[in-house]
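Below: the structure, in structure tokens.
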Amino acid sequence: MAARRIALRTEALHYHYNGEIPALNGVDVAIAEGTFLAIIGQNGSGKTTLVKHFNGLLRPTSGHVWVFERDTSTATVGELARTVGYVFQNPDHQIFCATTREEIAFGLRNLGLAPSEVAERTQEALEAFGLGPYAELPPAVLSFGLRRVICTAAVYAMRPQVFVLDEPTAGLDRRSARDLLDRMAHLNAQGHTILLVTHDMQWVAEYSSETLVMHEGRVLAYGETRQIMAEAEALARAQIAPPQVTQLAQRLRDLGVRPGCLTVGDFCTAYGEALERARRSGAGDL
Amino acid sequence: MSIIRVEELHYAYPPPIPGWGEVPVLRGVNLTVERGEFLALMGPTGVGKTTLCLALNGLVPQATGGVIRGRVEVLGKDPRTVPVAELAAEVGFVFQDAESQLFTSTVEAEVAFGPENLALPPGEIAERVAWALDVVGMTPYRDRAPWQLSGGQKQRVAIAAALAMLPEVLILDEPTAGLDPIGQAEVLSVIENLCRRRQMTIVWVSQDAEHVAEFADRVAIMAEGRILCDGAPGTVFMQKGALEQAGLAAPQVTQVAEALNRRWGTAYRFTRLNEAESALRRDLLAAQGRRS
Amino acid sequence: MSTAYDLYQPGRSWLHRLDPRIKMFGACLGCLAVFFTRNVWLILIGVASVQAILWSARLSRGRIAWVWRVAAFPMAMIALLWVLVYRGEGEPWFTWWVISITPANLAEAVAMALRIALLALIIFAWLFTTDQASLMLGLVALGVPFSWGLMLTMALRYLPTMASAFRMISEAQQARALDLSRGGLVRRARNYIPITVAMLIYALRTAQNLAYALEARALGARRRRTYLRQLRLRLVDWAVLGMVVGIVALFLWARLMFGFGAHPLWLWGLS
């Protein structure tokens, strides 16, 4: 596999809220370009604090953060916003425009783009997220799910290389959540780096290629999602319950079911193998 | 005896902006809930779950305005005409957003707020506060301020605040949304306690099929302003068509059962992790057992 | 984080346990007395006494320092203006253009500045040691309608929530490349529009949720409501009340009859 560029990197990153309350206690991570990374952990484990360093909303108390080899201490939030798009957890923290179209165009104007390009990119984002019918409506009166999609589309229109999504599926039903994540997976396939902060382990298992487990301001585990899901002890320490099928496989491990299953299909395959083996060994003795 | 009876309920919110049309949300809801039943209400966002819940305590239409048609009856009363504050003593409501339902400065004051409004004698208020805090396991946090609590603790206080009015029905509108797994577990154990030990009548809106399968007696699936299907979790979660129409997923173990049934011609039916484990364990052991 | 906005400092000291009505009444009387003196020595004694009271209530130094920080700017402004605008009596120590500084007007400037600090200390001694439930009980017991008291305590309760929402909203808009630090004054003010409007929408949404939640918790179900906690005046409450009333009455009598504390520098001077 060709060596990929490092998109985001931190070194000995410490962060203390108000200069006193420690939130990050020495984080060293290097995230390759094109990764779909899930960041999991309890509330207060430092997930959001970590990702806010990647677009400069927070500045390290000590240590360093690089975004595509650029030290973030030399860049403003506005400059970093071109590279790192951040979709906030609560859509109501950003919606303020009279129409959805305006809402999406806002970031583009801040980037200082020409009006024709603003119009073009806005239209493209509206279409990509299926927001055409709502383009001229005030986003504040639309449903929660739609408000969240609008916020994502607004960031998408800015065409950042990296997307950070903070709890994008909270309060969404499975189908809307899946639609949103499918779009992210599509962007990921085009080479964008996606950071997904979430509590929902089913989505982690299904969408992310790598997983980072945060615990008490430190990285507890970081690696391929399949590997992480099999690390029952680390997950238990971070108080995370893996998806049901992963738990089921884990529980049937003693009967030969391979642990680390991420999806229903995965489990059925693993169970089938175990069943075959059991039958064969049973038959072999006859 | 049916505690909740909803017949052909239609409701439309008033126009969000003057000059716009009304926003129809409920389009003929039929639902009955018996005393002591634990009903889970599922469905995609914007389908009217919250609206239906609000219609059960009268906030729809009394606070929201709009046009309502059909019949609602809760404990033999009509929530459309009985004042919301009056009905609140019998129908407890826990909202999704913890921040806006904790409006006093301490846990104790929060739980006492409802009984105080009911003008109960102070001695009885004290008893009820102590009891409600005990039920949700928040007694040690009595003097804390809301901002000193975690998300799960806030929701437990909100539940205690509703319980202190000794309602016959408790409505919980996605009380675990946005909570981390620990917070969810805290709230779920309180809910479990309420249904298994105290036989309260509960209407619980949830997005999480696995939790619903674990706790609820009955699931009603909403789609497009109606109840699409309604029954025991074991039955409802096997109805693939209805789930798909409502954009919902069955618990993962139920999906496993379906996939295995398709592939091996088995007849598995499970909705809970423990059921799945014991059934599959039995069959794996049986397969190995041929050896002896 | 939110601690900065929560005035109440939990504790079990005598001042915390004092009846909220007595505390409120005492604070009002104290403030009234402060307005009757311009004497720097008397005000210093006042400051020292309230400081002593705050210490005895075991309030943290950080909180007390916070009061001084809050008061510092108005104190400096008042002192400066006083020296510049008023001409004091007596021989000037220093004269330049229209400004002349005499011992008396310097003393008065200091007294005026310290008066601000003293008022702040008295009011915060009350607010730091009275939780919102007691505050409301006190107000209601003094005849304020419950709904007003509820409004006041809810405003205090949601101050930190709104402050953190404001922070989140400004972060969210900055993440959309909104640059708050660029441009002239008008441009900068304009930059705050996205934050202000989003804040407004957010506040309206919260207010609506709040209204629903209040009704769902039976607010207004009965014409009168009862209270879990009952206020009862204990002996010590009466004693404190008597002391405060006694001291303030004695001072006012001396002040009005003999001009005690009316002069900036001399305790018994005439003015």
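Naming scheme: A, B, ... for chains in displayed order of the structure tokens; residues 1 onward per chain; ligands 1 onward as shown.
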TODO: Within 10 Å of chain C, which residues of chain A are there when counting only C-alpha atoms? Please give them as a PyMOL selection string.
DONE: chain A and resi 17-18+21+52+55-58+76-82+84-97+104+106-112+140+154-155+158
With N, CA and C atoms retained, could you export that selection as a CSV table (one decimal), in the first residue's frame?
```csv
chain,number,residue,atom,x,y,z
A,17,TYR,N,-8.8,23.2,30.5
A,17,TYR,CA,-9.9,24.2,30.4
A,17,TYR,C,-9.6,25.3,31.5
A,18,ASN,N,-9.8,26.5,31.1
A,18,ASN,CA,-9.5,27.7,31.9
A,18,ASN,C,-8.1,27.6,32.6
A,21,ILE,N,-8.5,22.9,34.6
A,21,ILE,CA,-9.2,21.6,34.5
A,21,ILE,C,-8.6,20.8,33.4
A,52,LYS,N,-11.5,19.6,18.5
A,52,LYS,CA,-11.6,21.1,18.4
A,52,LYS,C,-10.2,21.7,18.2
A,55,ASN,N,-9.3,22.3,14.2
A,55,ASN,CA,-9.7,23.5,13.4
A,55,ASN,C,-9.4,24.8,14.2
A,56,GLY,N,-8.6,24.6,15.3
A,56,GLY,CA,-8.0,25.8,15.9
A,56,GLY,C,-9.0,26.5,16.9
A,57,LEU,N,-10.2,25.8,17.1
A,57,LEU,CA,-11.1,26.4,18.1
A,57,LEU,C,-10.5,26.4,19.5
A,58,LEU,N,-9.7,25.3,19.7
A,58,LEU,CA,-8.9,25.3,21.0
A,58,LEU,C,-7.5,25.3,20.6
A,76,THR,N,-5.2,30.9,11.7
A,76,THR,CA,-6.4,31.3,12.4
A,76,THR,C,-7.5,30.3,12.1
A,77,VAL,N,-8.6,30.4,12.9
A,77,VAL,CA,-9.7,29.5,12.8
A,77,VAL,C,-10.2,29.6,11.4
A,78,GLY,N,-10.3,30.8,10.8
A,78,GLY,CA,-10.8,31.0,9.5
A,78,GLY,C,-10.0,30.3,8.5
A,79,GLU,N,-8.7,30.4,8.6
A,79,GLU,CA,-7.8,29.7,7.6
A,79,GLU,C,-8.0,28.2,7.7
A,80,LEU,N,-8.0,27.7,9.0
A,80,LEU,CA,-8.1,26.2,9.1
A,80,LEU,C,-9.5,25.7,8.6
A,81,ALA,N,-10.5,26.6,8.7
A,81,ALA,CA,-11.8,26.2,8.2
A,81,ALA,C,-11.8,25.8,6.8
A,82,ARG,N,-10.9,26.3,6.0
A,82,ARG,CA,-10.8,25.8,4.6
A,82,ARG,C,-10.4,24.4,4.5
A,84,VAL,N,-10.3,22.1,7.4
A,84,VAL,CA,-11.0,21.2,8.3
A,84,VAL,C,-12.4,21.8,8.5
A,85,GLY,N,-13.4,21.0,8.1
A,85,GLY,CA,-14.8,21.4,8.3
A,85,GLY,C,-15.3,20.7,9.5
A,86,TYR,N,-16.1,21.5,10.3
A,86,TYR,CA,-16.5,21.0,11.6
A,86,TYR,C,-18.0,21.1,11.7
A,87,VAL,N,-18.7,20.0,11.8
A,87,VAL,CA,-20.2,20.0,12.0
A,87,VAL,C,-20.5,19.8,13.5
A,88,PHE,N,-21.1,20.9,14.1
A,88,PHE,CA,-21.3,20.8,15.5
A,88,PHE,C,-22.5,19.9,15.9
A,89,GLN,N,-22.4,19.5,17.1
A,89,GLN,CA,-23.4,18.5,17.6
A,89,GLN,C,-24.9,19.1,17.5
A,90,ASN,N,-25.0,20.3,17.9
A,90,ASN,CA,-26.4,20.9,17.9
A,90,ASN,C,-26.5,21.9,16.8
A,91,PRO,N,-27.4,21.5,15.8
A,91,PRO,CA,-27.5,22.4,14.6
A,91,PRO,C,-27.9,23.8,15.0
A,92,ASP,N,-28.6,24.0,16.1
A,92,ASP,CA,-29.1,25.3,16.5
A,92,ASP,C,-28.0,26.2,17.0
A,93,HIS,N,-26.8,25.7,17.1
A,93,HIS,CA,-25.7,26.6,17.4
A,93,HIS,C,-25.2,27.3,16.2
A,94,GLN,N,-25.7,26.9,15.0
A,94,GLN,CA,-25.2,27.7,13.8
A,94,GLN,C,-26.2,28.3,12.9
A,95,ILE,N,-27.5,27.8,13.0
A,95,ILE,CA,-28.5,28.2,12.1
A,95,ILE,C,-28.9,29.7,12.4
A,96,PHE,N,-28.9,30.6,11.4
A,96,PHE,CA,-29.3,31.9,11.7
A,96,PHE,C,-29.9,32.6,10.5
A,97,CYS,N,-29.8,32.0,9.3
A,97,CYS,CA,-30.2,32.7,8.1
A,97,CYS,C,-31.7,32.5,7.8
A,104,ILE,N,-26.2,28.0,3.6
A,104,ILE,CA,-25.1,27.3,3.0
A,104,ILE,C,-24.1,28.2,2.4
A,106,PHE,N,-23.3,31.1,3.5
A,106,PHE,CA,-22.6,31.9,4.5
A,106,PHE,C,-21.1,31.6,4.6
A,107,GLY,N,-20.8,30.4,4.8
A,107,GLY,CA,-19.4,30.0,4.9
A,107,GLY,C,-18.6,30.3,3.7
A,108,LEU,N,-19.2,30.1,2.5
A,108,LEU,CA,-18.5,30.4,1.2
A,108,LEU,C,-18.2,31.9,1.1
A,109,ARG,N,-19.1,32.7,1.5
A,109,ARG,CA,-18.8,34.2,1.5
A,109,ARG,C,-17.7,34.5,2.4
A,110,ASN,N,-17.7,33.8,3.6
A,110,ASN,CA,-16.6,34.1,4.5
A,110,ASN,C,-15.2,33.7,3.9
A,111,LEU,N,-15.2,32.7,3.0
A,111,LEU,CA,-14.0,32.3,2.4
A,111,LEU,C,-13.6,33.3,1.3
A,112,GLY,N,-14.4,34.3,1.0
A,112,GLY,CA,-14.1,35.3,0.1
A,112,GLY,C,-14.2,34.9,-1.4
A,140,ALA,N,-34.7,27.5,10.4
A,140,ALA,CA,-35.1,27.4,11.8
A,140,ALA,C,-36.4,26.7,12.1
A,154,ALA,N,-23.7,22.8,4.7
A,154,ALA,CA,-23.0,24.0,4.7
A,154,ALA,C,-21.5,23.8,4.9
A,155,VAL,N,-21.1,22.8,5.6
A,155,VAL,CA,-19.7,22.5,5.7
A,155,VAL,C,-19.2,21.9,4.5
A,158,MET,N,-18.1,24.1,1.6
A,158,MET,CA,-16.8,24.7,1.8
A,158,MET,C,-15.6,23.8,1.3
```
- [ ] Compute the set of chain A residues within 9 Å of chain B, using only C-alpha atoms, and express it as a ChimeraX atom specification.
- [x] /A:41-43,141,143-145,167,169-176,198-200,239-241,243-245,247-249,251-252,255-256,263-265,267-268,271-272,274-286
Output C-alpha atoms for every residue in the selection just made, as a PDB file, in the first residue's frame.
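Output file out-v9.pdb is given in full below:
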```pdb
ATOM      1  CA  GLY A  41     -15.207   7.308  24.698  1.00  0.00           C
ATOM      2  CA  GLN A  42     -17.299   8.493  27.610  1.00  0.00           C
ATOM      3  CA  ASN A  43     -18.538  12.046  27.982  1.00  0.00           C
ATOM      4  CA  VAL A 141     -38.605  26.043  11.294  1.00  0.00           C
ATOM      5  CA  SER A 143     -37.332  19.487  11.481  1.00  0.00           C
ATOM      6  CA  PHE A 144     -34.349  18.623  13.649  1.00  0.00           C
ATOM      7  CA  GLY A 145     -33.116  16.021  11.164  1.00  0.00           C
ATOM      8  CA  GLU A 167     -22.329  13.206  17.333  1.00  0.00           C
ATOM      9  CA  THR A 169     -26.526  10.797  14.553  1.00  0.00           C
ATOM     10  CA  ALA A 170     -27.834  11.817  18.004  1.00  0.00           C
ATOM     11  CA  GLY A 171     -31.558  12.428  17.740  1.00  0.00           C
ATOM     12  CA  LEU A 172     -31.766  11.080  14.198  1.00  0.00           C
ATOM     13  CA  ASP A 173     -33.628   7.939  13.256  1.00  0.00           C
ATOM     14  CA  ARG A 174     -31.705   5.052  11.710  1.00  0.00           C
ATOM     15  CA  ARG A 175     -32.583   5.921   8.147  1.00  0.00           C
ATOM     16  CA  SER A 176     -31.642   9.604   8.332  1.00  0.00           C
ATOM     17  CA  THR A 198     -19.987   9.185  18.397  1.00  0.00           C
ATOM     18  CA  HIS A 199     -21.471   6.964  21.074  1.00  0.00           C
ATOM     19  CA  ASP A 200     -23.248   4.702  18.626  1.00  0.00           C
ATOM     20  CA  GLN A 239     -17.202   1.889  29.543  1.00  0.00           C
ATOM     21  CA  ILE A 240     -18.153   1.246  25.935  1.00  0.00           C
ATOM     22  CA  ALA A 241     -20.539  -1.489  24.925  1.00  0.00           C
ATOM     23  CA  PRO A 243     -22.604  -3.636  19.052  1.00  0.00           C
ATOM     24  CA  GLN A 244     -24.883  -6.575  19.843  1.00  0.00           C
ATOM     25  CA  VAL A 245     -23.390  -8.876  17.188  1.00  0.00           C
ATOM     26  CA  GLN A 247     -21.027  -9.026  21.989  1.00  0.00           C
ATOM     27  CA  LEU A 248     -22.802 -12.147  20.772  1.00  0.00           C
ATOM     28  CA  ALA A 249     -19.677 -13.371  18.979  1.00  0.00           C
ATOM     29  CA  ARG A 251     -20.008 -14.629  24.242  1.00  0.00           C
ATOM     30  CA  LEU A 252     -19.916 -17.620  21.868  1.00  0.00           C
ATOM     31  CA  LEU A 255     -17.716 -22.591  21.083  1.00  0.00           C
ATOM     32  CA  GLY A 256     -15.444 -21.519  18.248  1.00  0.00           C
ATOM     33  CA  THR A 263     -21.937  -6.503  11.255  1.00  0.00           C
ATOM     34  CA  VAL A 264     -24.832  -8.937  11.080  1.00  0.00           C
ATOM     35  CA  GLY A 265     -23.353 -10.455   7.904  1.00  0.00           C
ATOM     36  CA  PHE A 267     -21.541 -12.672  12.503  1.00  0.00           C
ATOM     37  CA  CYS A 268     -23.544 -15.024  10.318  1.00  0.00           C
ATOM     38  CA  TYR A 271     -21.345 -18.553  13.146  1.00  0.00           C
ATOM     39  CA  GLY A 272     -21.589 -20.600   9.966  1.00  0.00           C
ATOM     40  CA  ALA A 274     -18.152 -22.392  13.775  1.00  0.00           C
ATOM     41  CA  LEU A 275     -21.153 -24.577  13.017  1.00  0.00           C
ATOM     42  CA  GLU A 276     -19.352 -26.278  10.112  1.00  0.00           C
ATOM     43  CA  ARG A 277     -16.314 -26.920  12.260  1.00  0.00           C
ATOM     44  CA  ALA A 278     -18.459 -28.309  15.033  1.00  0.00           C
ATOM     45  CA  ARG A 279     -20.246 -30.650  12.626  1.00  0.00           C
ATOM     46  CA  ARG A 280     -17.050 -31.742  10.962  1.00  0.00           C
ATOM     47  CA  SER A 281     -15.327 -32.520  14.226  1.00  0.00           C
ATOM     48  CA  GLY A 282     -18.462 -34.323  15.332  1.00  0.00           C
ATOM     49  CA  ALA A 283     -18.637 -36.259  12.055  1.00  0.00           C
ATOM     50  CA  GLY A 284     -14.886 -36.951  12.041  1.00  0.00           C
ATOM     51  CA  ASP A 285     -15.200 -39.087  15.146  1.00  0.00           C
ATOM     52  CA  LEU A 286     -17.766 -41.384  13.669  1.00  0.00           C
TER      53      LEU A 286
END
```
- [ ] Using only C-alpha atoms, determine which residues of chain C fall within 7 Å of chain B; present them as a VMD selection string.
- [x] chain C and resid 132 to 133 154 157 206 209 to 210 213 215 to 222 224 to 228
Open item on the list: Run DSSP on the backbone and tell me which residues of region 174-288 of chain B come out as strand (DSSP E); list them as a PyMOL selection string.
Closed with: chain B and resi 201-205+218-223+226-231
Open item on the list: as JSON, numbers by chain, please: every residue in region 15-129 of chain A that a backbone DSSP assignment puts in alpha helix (DSSP H).
Closed with: {"A": [47, 48, 49, 50, 51, 52, 77, 78, 79, 80, 81, 100, 101, 102, 103, 104, 105, 106, 107, 108, 109, 110, 115, 116, 117, 118, 119, 120, 121, 122, 123, 124, 125, 126, 127, 128]}
Extract, using only C-alpha atoms, all DNA, RNA and protein residues at most 6 Å from region 66-82 of chain C, discarding same-chain residues fewer than 5 positions from it, and format them as an mmCIF file with C-alpha atoms, in the first residue's frame.
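As a result, result_32.cif now contains:
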```cif
data_model
loop_
_atom_site.group_PDB
_atom_site.id
_atom_site.type_symbol
_atom_site.label_atom_id
_atom_site.label_comp_id
_atom_site.auth_asym_id
_atom_site.auth_seq_id
_atom_site.Cartn_x
_atom_site.Cartn_y
_atom_site.Cartn_z
ATOM 1 C CA ALA C 109 -12.452 60.364 45.853
ATOM 2 C CA ALA C 113 -14.456 54.533 45.171
ATOM 3 C CA ALA C 117 -16.615 48.323 46.764
#
```
Can you list, as a compact mmCIF listing (two decimals) with C-alpha atoms, in the first residue's frame, every protein, DNA or RNA residue that comes within 6 Å of Ile4 (chain B) when you count only C-alpha atoms, leaving out same-chain residues fewer than 4 positions away?
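Result file is selection_33.txt:
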```
# COMPACT_ATOMS: atom_id res chain seq x y z
CA THR B 32 -55.03 2.13 23.47
CA VAL B 33 -52.80 1.53 26.45
CA GLU B 73 -58.94 10.16 26.49
CA VAL B 74 -56.48 9.76 29.32
```
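Straight-line separation from CA of Val187 (chain B) to CA of Val169 (chain B): 17.3 Å.
The gap separating CA of Val248 (chain C) from CA of Asn105 (chain C) is 25.9 Å, in Å to one decimal.
CA of Ala12 (chain A) is found 7.4 Å from CA of Ser62 (chain A).
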